[in-house]
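K.L.:
For reference, this is data.cif, and it has mmCIF, C-alpha atoms.
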data_data
loop_
_atom_site.label_atom_id
_atom_site.label_comp_id
_atom_site.auth_asym_id
_atom_site.auth_seq_id
_atom_site.Cartn_x
_atom_site.Cartn_y
_atom_site.Cartn_z
CA MET A 1 111.05 150.40 62.68
CA ASN A 2 107.86 148.31 61.76
CA ASP A 3 105.82 151.37 60.76
CA LYS A 4 106.87 151.07 57.15
CA TYR A 5 105.35 147.57 56.82
CA LEU A 6 101.71 147.27 55.74
CA SER A 7 99.33 144.46 56.61
CA VAL A 8 97.93 142.24 53.88
CA SER A 9 94.48 143.62 54.56
CA ALA A 10 95.72 147.20 54.23
CA ILE A 11 97.33 146.68 50.85
CA THR A 12 94.32 144.70 49.65
CA ARG A 13 91.97 147.52 50.66
CA TYR A 14 94.26 150.00 48.93
CA LEU A 15 94.19 148.00 45.70
CA LYS A 16 90.42 147.59 45.92
CA ALA A 17 90.05 151.34 46.33
CA LYS A 18 92.20 151.88 43.26
CA PHE A 19 90.12 149.43 41.22
CA ASP A 20 86.85 150.93 42.40
CA SER A 21 87.94 154.49 41.63
CA ASP A 22 89.12 153.69 38.13
CA GLU A 23 86.34 154.73 35.72
CA ASN A 24 87.67 152.39 33.05
CA LEU A 25 86.95 149.41 35.31
CA GLN A 26 83.37 150.39 36.27
CA THR A 27 81.83 149.22 33.00
CA VAL A 28 83.84 146.57 31.22
CA PHE A 29 82.77 144.43 28.23
CA LEU A 30 84.47 141.05 27.95
CA LYS A 31 84.12 138.01 25.77
CA GLY A 32 85.45 134.57 26.47
CA GLU A 33 84.70 130.94 27.24
CA ILE A 34 82.98 129.78 30.45
CA SER A 35 84.84 127.33 32.68
CA ASN A 36 84.32 125.99 36.23
CA PHE A 37 80.68 127.08 36.08
CA LYS A 38 78.60 126.62 39.25
CA ALA A 39 75.00 127.68 39.85
CA HIS A 40 74.79 128.13 43.62
CA THR A 41 71.65 127.25 45.61
CA THR A 42 71.33 130.95 46.42
CA GLY A 43 70.82 131.67 42.71
CA HIS A 44 74.27 133.24 42.17
CA PHE A 45 76.52 132.16 39.27
CA TYR A 46 80.22 131.48 39.93
CA PHE A 47 82.52 130.81 36.98
CA SER A 48 85.73 131.77 35.17
CA LEU A 49 86.01 133.55 31.85
CA LYS A 50 89.04 132.61 29.77
CA ASP A 51 90.60 132.93 26.36
CA GLU A 52 93.72 131.36 24.83
CA THR A 53 96.19 132.88 27.36
CA SER A 54 94.35 134.38 30.35
CA LYS A 55 91.56 133.78 32.83
CA ILE A 56 89.49 135.94 35.16
CA ASN A 57 87.12 134.86 37.92
CA ALA A 58 83.52 136.02 37.65
CA ILE A 59 80.43 136.24 39.84
CA MET A 60 76.89 137.07 38.81
CA PHE A 61 74.45 137.72 41.62
CA ARG A 62 70.96 136.24 41.60
CA SER A 63 69.19 139.49 40.67
CA ASN A 64 71.08 139.54 37.37
CA ALA A 65 71.47 135.77 36.92
CA SER A 66 67.67 135.32 36.90
CA LYS A 67 67.52 137.39 33.70
CA VAL A 68 69.79 135.09 31.72
CA LEU A 69 67.79 133.49 28.90
CA PHE A 70 69.88 130.33 28.57
CA LYS A 71 71.60 127.78 30.77
CA PRO A 72 75.34 128.54 30.97
CA VAL A 73 77.63 125.52 30.69
CA ASP A 74 81.37 124.99 30.54
CA GLY A 75 82.79 125.63 27.08
CA MET A 76 80.06 128.10 26.10
CA LYS A 77 81.27 131.37 24.59
CA VAL A 78 79.60 134.41 26.08
CA LEU A 79 79.61 138.21 26.09
CA VAL A 80 79.54 139.77 29.57
CA SER A 81 79.44 143.27 30.96
CA GLY A 82 80.17 144.37 34.52
CA ARG A 83 82.72 145.98 36.79
CA ILE A 84 86.20 144.87 37.85
CA SER A 85 87.00 144.90 41.56
CA VAL A 86 89.08 143.12 44.18
CA TYR A 87 87.71 140.32 46.35
CA GLU A 88 89.46 141.14 49.61
CA ALA A 89 89.13 137.70 51.26
CA MET A 90 91.15 136.08 48.47
CA GLY A 91 93.20 139.11 47.42
CA SER A 92 92.22 138.52 43.79
CA TYR A 93 90.51 140.67 41.24
CA GLN A 94 87.31 139.50 39.49
CA ILE A 95 84.48 140.75 37.37
CA TYR A 96 81.04 141.30 38.86
CA VAL A 97 78.78 140.48 35.91
CA ASP A 98 75.61 142.50 35.33
CA GLU A 99 74.62 141.00 31.96
CA MET A 100 75.56 137.89 30.02
CA LEU A 101 74.69 137.10 26.41
CA GLU A 102 75.48 134.20 24.17
CA ASP A 103 78.29 134.92 21.75
CA GLY A 104 76.84 134.17 18.33
CA VAL A 105 74.15 131.96 16.82
CA GLY A 106 75.80 128.79 18.08
CA ASN A 107 74.91 129.60 21.67
CA LEU A 108 71.37 130.54 20.69
CA TYR A 109 71.07 127.11 19.16
CA VAL A 110 72.29 125.57 22.44
CA ALA A 111 69.59 127.46 24.37
CA PHE A 112 67.02 126.40 21.78
CA GLU A 113 67.93 122.73 22.14
CA GLN A 114 67.96 122.95 25.95
CA LEU A 115 64.43 124.38 26.10
CA LYS A 116 63.19 122.00 23.41
CA LYS A 117 64.47 119.01 25.37
CA LYS A 118 62.93 120.30 28.61
CA LEU A 119 59.46 120.94 27.17
CA GLN A 120 59.47 117.68 25.24
CA ALA A 121 60.20 115.80 28.46
CA GLU A 122 57.20 117.53 30.07
CA GLY A 123 54.92 116.33 27.24
CA LEU A 124 54.13 119.72 25.70
CA PHE A 125 54.86 118.38 22.21
CA ASP A 126 52.83 115.14 22.54
CA LYS A 127 50.29 114.40 19.80
CA GLU A 128 47.50 113.59 22.24
CA HIS A 129 47.47 117.27 23.26
CA LYS A 130 47.05 118.48 19.67
CA ARG A 131 43.56 119.72 18.81
CA LYS A 132 41.98 119.58 15.36
CA ILE A 133 41.59 122.78 13.41
CA PRO A 134 37.89 123.39 12.54
CA LYS A 135 37.16 122.85 8.86
CA ILE A 136 34.80 125.83 8.57
CA PRO A 137 35.68 128.48 11.17
CA LYS A 138 33.43 131.46 11.79
CA ARG A 139 36.02 133.61 13.54
CA VAL A 140 39.83 133.58 13.27
CA GLY A 141 42.16 135.41 15.66
CA ILE A 142 45.61 136.65 14.58
CA VAL A 143 48.42 137.42 17.03
CA THR A 144 51.11 139.29 15.07
CA ALA A 145 52.37 142.77 14.29
CA SER A 146 49.79 145.18 12.94
CA THR A 147 52.12 146.18 10.09
CA GLY A 148 54.35 144.16 7.84
CA ALA A 149 54.14 141.43 5.25
CA ALA A 150 52.84 138.76 7.65
CA ILE A 151 49.51 140.40 8.49
CA ARG A 152 49.00 141.50 4.87
CA ASP A 153 49.57 137.96 3.59
CA ILE A 154 47.26 136.43 6.21
CA MET A 155 44.40 138.88 5.71
CA THR A 156 44.65 138.78 1.90
CA THR A 157 44.63 134.99 1.85
CA ILE A 158 41.64 134.66 4.20
CA LYS A 159 39.58 137.24 2.27
CA ARG A 160 40.41 135.53 -1.01
CA ARG A 161 39.70 132.00 0.17
CA PHE A 162 36.85 132.47 2.66
CA PRO A 163 35.55 136.05 2.72
CA ILE A 164 32.61 135.27 5.03
CA CYS A 165 35.01 134.47 7.89
CA GLU A 166 35.45 137.13 10.56
CA THR A 167 39.03 138.01 11.55
CA ILE A 168 40.24 139.70 14.73
CA LEU A 169 43.77 141.13 14.92
CA PHE A 170 45.59 141.34 18.24
CA PRO A 171 48.43 143.82 17.46
CA THR A 172 51.57 142.38 19.02
CA LEU A 173 55.27 143.10 19.40
CA VAL A 174 57.08 140.27 17.62
CA GLN A 175 60.67 141.39 18.04
CA GLY A 176 62.76 142.79 20.86
CA GLU A 177 63.11 142.36 24.61
CA ASN A 178 59.44 143.01 25.45
CA ALA A 179 58.03 140.92 22.61
CA LYS A 180 57.65 137.67 24.58
CA ASP A 181 55.47 139.29 27.26
CA ASP A 182 53.31 141.03 24.66
CA ILE A 183 52.81 137.76 22.74
CA VAL A 184 51.74 135.99 25.94
CA ARG A 185 49.38 138.84 26.89
CA ASN A 186 47.62 138.76 23.52
CA ILE A 187 47.32 134.96 23.44
CA GLU A 188 45.63 135.13 26.84
CA LYS A 189 43.45 138.03 25.69
CA ALA A 190 42.31 136.06 22.63
CA GLN A 191 40.78 133.38 24.86
CA ASP A 192 37.82 135.72 25.61
CA TYR A 193 36.78 136.30 21.98
CA ASP A 194 34.96 133.05 21.10
CA LEU A 195 37.48 132.17 18.39
CA ASP A 196 37.52 128.97 16.36
CA VAL A 197 41.25 129.13 15.63
CA LEU A 198 44.19 131.39 16.54
CA ILE A 199 47.16 132.17 14.25
CA VAL A 200 50.33 133.14 16.13
CA GLY A 201 53.41 134.23 14.19
CA ARG A 202 55.41 136.75 12.22
CA GLY A 203 57.37 137.11 9.00
CA GLY A 204 60.92 135.99 8.36
CA GLY A 205 64.08 137.25 10.02
CA SER A 206 67.29 136.23 11.73
CA ILE A 207 67.34 133.80 14.62
CA GLU A 208 67.62 136.77 16.97
CA ASP A 209 64.52 138.36 15.37
CA LEU A 210 62.52 135.14 15.77
CA TRP A 211 63.75 134.48 19.29
CA PRO A 212 60.60 135.66 21.16
CA PHE A 213 58.86 132.59 19.72
CA ASN A 214 61.55 130.42 21.35
CA GLU A 215 60.77 131.77 24.82
CA GLU A 216 59.43 129.35 27.42
CA VAL A 217 56.62 131.70 28.53
CA VAL A 218 55.33 131.89 24.94
CA ALA A 219 55.44 128.12 24.56
CA ARG A 220 53.46 127.60 27.78
CA ALA A 221 50.89 130.24 26.77
CA ILE A 222 50.29 128.41 23.48
CA TYR A 223 50.02 125.08 25.31
CA LYS A 224 47.43 126.48 27.76
CA SER A 225 45.34 128.10 25.01
CA LYS A 226 41.76 126.78 24.85
CA VAL A 227 41.58 127.88 21.19
CA PRO A 228 43.44 125.67 18.65
CA VAL A 229 46.67 127.44 17.65
CA ILE A 230 48.40 127.52 14.25
CA SER A 231 52.04 128.60 14.52
CA ALA A 232 53.34 130.63 11.57
CA VAL A 233 56.82 131.93 12.34
CA GLY A 234 59.32 132.97 9.65
CA HIS A 235 59.96 131.03 6.47
CA GLU A 236 59.57 127.34 5.69
CA VAL A 237 63.10 126.52 6.89
CA ASP A 238 62.62 128.29 10.23
CA PHE A 239 61.59 126.21 13.23
CA THR A 240 60.79 127.65 16.66
CA ILE A 241 59.64 126.20 19.98
CA ALA A 242 56.20 127.68 19.23
CA ASP A 243 55.97 125.39 16.17
CA PHE A 244 56.42 122.28 18.31
CA VAL A 245 53.87 123.31 20.97
CA ALA A 246 51.17 124.59 18.61
CA ASP A 247 48.35 122.35 17.44
CA LEU A 248 49.47 122.84 13.84
CA ARG A 249 52.63 124.30 12.31
CA ALA A 250 52.46 126.35 9.10
CA PRO A 251 55.66 126.95 7.10
CA THR A 252 54.69 130.59 6.40
CA PRO A 253 52.01 133.09 7.47
CA THR A 254 50.30 132.64 4.08
CA ALA A 255 50.22 128.89 4.59
CA ALA A 256 48.75 129.45 8.06
CA ALA A 257 45.84 131.35 6.53
CA GLU A 258 45.31 128.55 4.01
CA LEU A 259 45.27 125.99 6.83
CA ALA A 260 42.93 128.10 8.96
CA VAL A 261 40.12 128.58 6.41
CA PRO A 262 38.79 126.52 3.51
CA ASN A 263 38.69 127.68 -0.09
CA MET A 264 35.22 128.97 -0.97
CA SER A 265 35.41 127.56 -4.50
CA ASP A 266 36.38 124.17 -3.10
CA LEU A 267 33.43 124.32 -0.70
CA LYS A 268 31.08 125.14 -3.57
CA LYS A 269 32.39 122.17 -5.56
CA HIS A 270 32.05 119.95 -2.51
CA ILE A 271 28.48 121.14 -1.90
CA SER A 272 27.67 120.55 -5.57
CA GLN A 273 29.03 117.01 -5.34
CA LEU A 274 27.02 116.41 -2.15
CA SER A 275 23.90 117.70 -3.92
CA ILE A 276 24.44 115.28 -6.80
CA ARG A 277 25.05 112.39 -4.42
CA LEU A 278 21.96 113.36 -2.41
CA ASN A 279 19.77 113.47 -5.52
CA GLU A 280 21.09 110.08 -6.62
CA SER A 281 20.42 108.66 -3.20
CA ILE A 282 16.86 110.07 -3.18
CA PHE A 283 16.23 108.73 -6.70
CA LYS A 284 17.42 105.25 -5.68
CA LYS A 285 15.30 105.36 -2.55
CA VAL A 286 12.19 106.43 -4.48
CA ASN A 287 12.69 103.67 -7.05
CA TYR A 288 13.16 101.12 -4.32
CA LEU A 289 9.96 102.23 -2.60
CA LYS A 290 8.10 102.11 -5.93
CA LEU A 291 9.18 98.52 -6.48
CA TYR A 292 8.23 97.66 -2.93
CA LEU A 293 4.81 99.24 -3.41
CA GLU A 294 4.25 97.25 -6.61
CA SER A 295 5.18 94.03 -4.83
CA VAL A 296 2.73 94.85 -2.06
CA LYS A 297 -0.03 95.61 -4.58
CA ASN A 298 0.53 92.27 -6.29
CA SER A 299 0.67 90.25 -3.10
CA TYR A 300 -2.13 87.74 -2.43
CA VAL A 301 -2.95 89.52 0.82
CA ILE A 302 -4.06 92.63 -1.03
CA LYS A 303 -5.71 90.82 -3.90
CA SER A 304 -7.44 88.15 -1.81
CA PRO A 305 -7.41 89.23 1.86
CA MET A 306 -9.75 86.32 2.77
CA ILE A 307 -6.93 83.92 1.99
CA MET A 308 -4.92 85.27 4.89
CA TYR A 309 -8.02 85.01 7.13
CA GLU A 310 -8.66 81.42 6.04
CA ASN A 311 -5.05 80.47 6.75
CA LYS A 312 -5.26 81.95 10.22
CA ARG A 313 -8.59 80.24 10.86
CA GLN A 314 -7.16 76.90 9.80
CA SER A 315 -4.18 77.41 12.10
CA LEU A 316 -6.56 78.23 14.94
CA ASP A 317 -8.56 75.03 14.33
CA LEU A 318 -5.38 72.96 14.43
CA MET A 319 -4.34 74.58 17.67
CA ASN A 320 -7.76 73.97 19.24
CA GLU A 321 -7.65 70.33 18.20
CA LYS A 322 -4.17 69.93 19.64
CA LEU A 323 -5.24 71.52 22.91
CA ASN A 324 -8.31 69.26 23.18
CA ASN A 325 -6.19 66.18 22.59
CA LEU A 326 -3.78 67.25 25.32
CA MET A 327 -6.60 67.85 27.76
CA ILE A 328 -8.26 64.49 26.98
CA GLY A 329 -4.93 62.69 27.38
CA LYS A 330 -4.35 64.35 30.74
CA VAL A 331 -7.84 63.45 31.99
CA ASP A 332 -7.49 59.83 30.83
CA GLY A 333 -4.15 59.54 32.64
CA LEU A 334 -5.69 60.77 35.90
CA LYS A 335 -8.62 58.34 35.51
CA ASN A 336 -6.24 55.40 35.11
CA THR A 337 -4.36 56.41 38.23
CA LEU A 338 -7.63 56.68 40.16
CA ASP A 339 -8.80 53.24 38.98
CA LYS A 340 -5.55 51.66 40.11
CA LEU A 341 -5.93 53.21 43.54
CA LYS A 342 -9.51 51.96 43.81
CA LYS A 343 -8.45 48.40 42.91
CA SER A 344 -5.46 48.30 45.31
CA TYR A 345 -5.73 46.01 48.40
CA VAL A 346 -4.89 48.96 50.63
CA LEU A 347 -8.29 50.46 50.05
CA LYS A 348 -10.18 47.15 49.86
CA SER A 349 -8.54 45.43 52.89
CA PRO A 350 -6.46 47.96 54.89
CA GLN A 351 -6.03 45.40 57.73
CA LEU A 352 -3.85 43.33 55.40
CA LEU A 353 -1.43 46.25 55.11
CA TYR A 354 -1.32 46.45 58.95
CA LYS A 355 -0.59 42.72 59.25
CA ASP A 356 2.17 42.93 56.64
CA LYS A 357 3.81 45.78 58.48
CA MET A 358 3.61 43.94 61.83
CA ILE A 359 5.31 40.93 60.28
CA GLU A 360 8.10 43.17 58.93
CA VAL A 361 8.60 44.73 62.39
CA LYS A 362 8.75 41.32 64.08
CA ASN A 363 11.37 40.13 61.58
CA ILE A 364 13.50 43.17 62.29
CA ILE A 365 13.24 42.63 66.08
CA ASP A 366 14.25 39.00 65.70
CA LYS A 367 17.32 40.01 63.70
CA LEU A 368 18.27 42.52 66.37
CA GLU A 369 17.91 39.93 69.11
CA LEU A 370 20.19 37.59 67.22
CA LEU A 371 22.82 40.30 66.85
CA ASN A 372 22.57 41.49 70.48
CA PRO A 373 25.94 40.60 72.18
CA LEU A 374 24.25 40.30 75.57
CA ASN A 375 22.10 37.42 74.31
CA ILE A 376 25.30 35.65 73.27
CA LEU A 377 26.45 35.82 76.91
CA GLY A 378 23.41 33.73 77.84
CA ARG A 379 24.91 30.85 75.95
CA GLY A 380 27.98 30.72 78.25
CA TYR A 381 30.15 33.45 76.69
CA SER A 382 31.64 36.49 78.46
CA ILE A 383 33.25 39.85 77.57
CA THR A 384 36.45 40.97 79.29
CA TYR A 385 37.18 44.71 79.78
CA LEU A 386 40.30 46.62 80.76
CA ASP A 387 39.58 50.19 81.69
CA ASP A 388 36.11 49.93 80.10
CA LYS A 389 37.65 48.77 76.83
CA ALA A 390 36.84 45.30 75.48
CA LEU A 391 39.96 43.13 75.17
CA LYS A 392 40.78 41.40 71.91
CA ASN A 393 44.41 40.32 72.36
CA VAL A 394 46.37 38.81 75.30
CA SER A 395 49.19 41.18 74.47
CA ASP A 396 46.99 44.08 75.66
CA VAL A 397 47.11 42.70 79.29
CA LYS A 398 49.98 42.62 81.77
CA LYS A 399 50.44 41.19 85.27
CA ASP A 400 48.45 42.86 88.12
CA ASP A 401 45.95 44.48 85.72
CA VAL A 402 42.38 44.56 87.10
CA LEU A 403 39.92 43.16 84.59
CA SER A 404 36.10 43.36 84.42
CA ILE A 405 34.35 40.23 83.14
CA ARG A 406 30.81 40.69 81.88
CA LEU A 407 28.50 37.57 82.15
CA SER A 408 24.85 37.30 81.22
CA ASN A 409 23.66 38.02 84.76
CA GLY A 410 26.48 40.14 86.29
CA LEU A 411 30.02 41.50 86.44
CA ILE A 412 33.20 39.92 87.92
CA LYS A 413 36.34 41.87 88.93
CA SER A 414 39.62 39.89 88.73
CA LYS A 415 43.35 40.57 89.01
CA VAL A 416 45.81 39.13 86.49
CA ILE A 417 48.30 36.74 88.05
CA ASP A 418 50.02 35.62 84.88
CA VAL A 419 49.77 36.23 81.12
CA LYS A 420 50.48 33.59 78.50
CA GLU A 421 49.98 33.78 74.75
CA ASN A 422 49.24 30.77 72.54
CA GLU A 423 52.38 29.25 71.12
#
What does this structure look like when you write it as structure tokens?
P.N.:
Amino acid sequence: MNDKYLSVSAITRYLKAKFDSDENLQTVFLKGEISNFKAHTTGHFYFSLKDETSKINAIMFRSNASKVLFKPVDGMKVLVSGRISVYEAMGSYQIYVDEMLEDGVGNLYVAFEQLKKKLQAEGLFDKEHKRKIPKIPKRVGIVTASTGAAIRDIMTTIKRRFPICETILFPTLVQGENAKDDIVRNIEKAQDYDLDVLIVGRGGGSIEDLWPFNEEVVARAIYKSKVPVISAVGHEVDFTIADFVADLRAPTPTAAAELAVPNMSDLKKHISQLSIRLNESIFKKVNYLKLYLESVKNSYVIKSPMIMYENKRQSLDLMNEKLNNLMIGKVDGLKNTLDKLKKSYVLKSPQLLYKDKMIEVKNIIDKLELLNPLNILGRGYSITYLDDKALKNVSDVKKDDVLSIRLSNGLIKSKVIDVKENE
């Protein structure tokens, strides 16, 4: 009786087999708006693709998700391709995405702004990293396509403005899927050619055509370049990430060539002006030296050299006289000191000094004897101690304390019977 009933798993497997065997579902192209987007830690993308009335779940495995050139976000319109199948665990159908592209220029602009914000936060656009372009380069490198208007404009402009400059072309893909890697490879290759400046760019085109110059790998290659880089991508109104990272941005390839090399005619004019200024400077210097020479010729030293000698000799005489006076003054001072010593009573009668000193010593001893407290005891006074401390107040003593009384010829021990203070 139950044989006619299928399990949920059985019907789900049956439906999955039907989906997987349908050739129309093996390669499907869909467009829609992203919702519920989640980038898993494994690198897989999980999201829904919807339009005005319907929605389908989508998964993009890491191997394909790593190739996406932009950061998917909710609300972004995309073009996807993949296969439709059934996810058995949920019993729902979904699309397994192999490729995802932005739907239109608007999404390209979103990717552009995302990368611009990221690199700006890392400091790749900061002015302190910008290097100056040499004023007179000897060798200029050019990373662009070997054919087209861009290379013709650059080469023609350099030859016209500064024909003595050497140019080296690094033929490069500037459009298409492989262009970004080729641009990076040639920028790195150019580092080994002893260049003074490197022009990186291409002619005009759509935003899709210029997109290789918005790639992160290209931006980082320009940033790492040891050679100063001039970015020349598209027309004046076109801006790429390469423009922000480069040391100098040129609005067009022709302008890049003009910024890379000076104008020979301008250099000639500048050299001519420097020559004039140098001649004027030399003329002024020569005239100044002539006037100085004339002043030297007319100086009294040249005309009457003995005058200078006489002045020096007079100065020397004054210095000798001053020195003699100082020496005489010093000697006289020492003589006076010696005479005073000779006349002093210490040298004439040294015994008087001894007597005076003995009198001073005796006076000091007498003063000490008068101040000696023990001598005071000889006149009938005494000193009372409590615990080896001299007493000054009756209040410091209490009944039964043992006191020591110092007299002139001995010590008395006594016990306090009563203590009375003066009323």
K.L.:
If you measure from CA of His270 (chain A) to CA of Ile282 (chain A), what distance in Å do you get, rounded to one decimal?
P.N.:
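We find that CA of His270 (chain A) and CA of Ile282 (chain A) lie 18.1 Å from each other.
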K.L.:
Under the PyMOL selection byres ((chain A and resi 232) around 7), which residues of this model are included? Write them out as number ranges by chain.
P.N.:
A: 199-202, 230-231, 233-234, 249-253, 256
K.L.:
Taking only C-alpha atoms into account, name the residue in A:Glu33, A:Asp238, A:Glu166, A:Asp388 that is nearest to Ser54 (chain A).
P.N.:
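For Ser54 (chain A), the nearest of the given residues is A:Glu33.
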K.L.:
In Å to one decimal, how far is CA of Ser408 (chain A) from CA of Asp387 (chain A)?
P.N.:
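So the answer is 19.6 Å.
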K.L.:
Find the spatial neighbours of Met90 (chain A), counting only C-alpha atoms, within a cut-off of 12 Å - ignore same-chain residues fewer than 5 positions away - and output them as a list in words.
P.N.:
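The residues satisfying every condition are Val8, Ser9, Thr12, Arg13, Lys16, Asn57 and Ser85 of chain A.
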K.L.:
Rebuild region 238-253 of chain A so that it carries N, CA and C atoms, then output the result as a CSV table (one decimal), in the coordinates of the input.
P.N.:
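Here's the written file rebuild_35.csv:
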chain,number,residue,atom,x,y,z
A,238,ASP,N,62.5,127.9,8.8
A,238,ASP,CA,62.6,128.3,10.2
A,238,ASP,C,61.8,127.4,11.1
A,239,PHE,N,62.3,127.0,12.2
A,239,PHE,CA,61.6,126.2,13.2
A,239,PHE,C,61.8,126.9,14.6
A,240,THR,N,60.7,127.1,15.3
A,240,THR,CA,60.8,127.6,16.7
A,240,THR,C,60.1,126.7,17.6
A,241,ILE,N,60.3,127.0,18.9
A,241,ILE,CA,59.6,126.2,20.0
A,241,ILE,C,58.1,126.3,19.8
A,242,ALA,N,57.6,127.5,19.4
A,242,ALA,CA,56.2,127.7,19.2
A,242,ALA,C,55.6,126.7,18.2
A,243,ASP,N,56.4,126.3,17.2
A,243,ASP,CA,56.0,125.4,16.2
A,243,ASP,C,55.7,124.0,16.8
A,244,PHE,N,56.6,123.6,17.7
A,244,PHE,CA,56.4,122.3,18.3
A,244,PHE,C,55.3,122.2,19.3
A,245,VAL,N,54.9,123.3,20.0
A,245,VAL,CA,53.9,123.3,21.0
A,245,VAL,C,52.5,123.5,20.3
A,246,ALA,N,52.5,124.3,19.2
A,246,ALA,CA,51.2,124.6,18.6
A,246,ALA,C,50.5,123.3,18.1
A,247,ASP,N,49.1,123.5,17.9
A,247,ASP,CA,48.4,122.4,17.4
A,247,ASP,C,48.7,122.0,16.0
A,248,LEU,N,49.1,123.0,15.2
A,248,LEU,CA,49.5,122.8,13.8
A,248,LEU,C,50.5,123.9,13.5
A,249,ARG,N,51.6,123.4,12.7
A,249,ARG,CA,52.6,124.3,12.3
A,249,ARG,C,52.5,124.6,10.8
A,250,ALA,N,52.5,125.9,10.5
A,250,ALA,CA,52.5,126.4,9.1
A,250,ALA,C,53.8,126.9,8.7
A,251,PRO,N,54.3,126.5,7.5
A,251,PRO,CA,55.7,127.0,7.1
A,251,PRO,C,55.8,128.5,6.9
A,252,THR,N,54.7,129.1,6.6
A,252,THR,CA,54.7,130.6,6.4
A,252,THR,C,53.4,131.2,6.9
A,253,PRO,N,53.3,132.5,7.1
A,253,PRO,CA,52.0,133.1,7.5
A,253,PRO,C,50.9,132.9,6.4
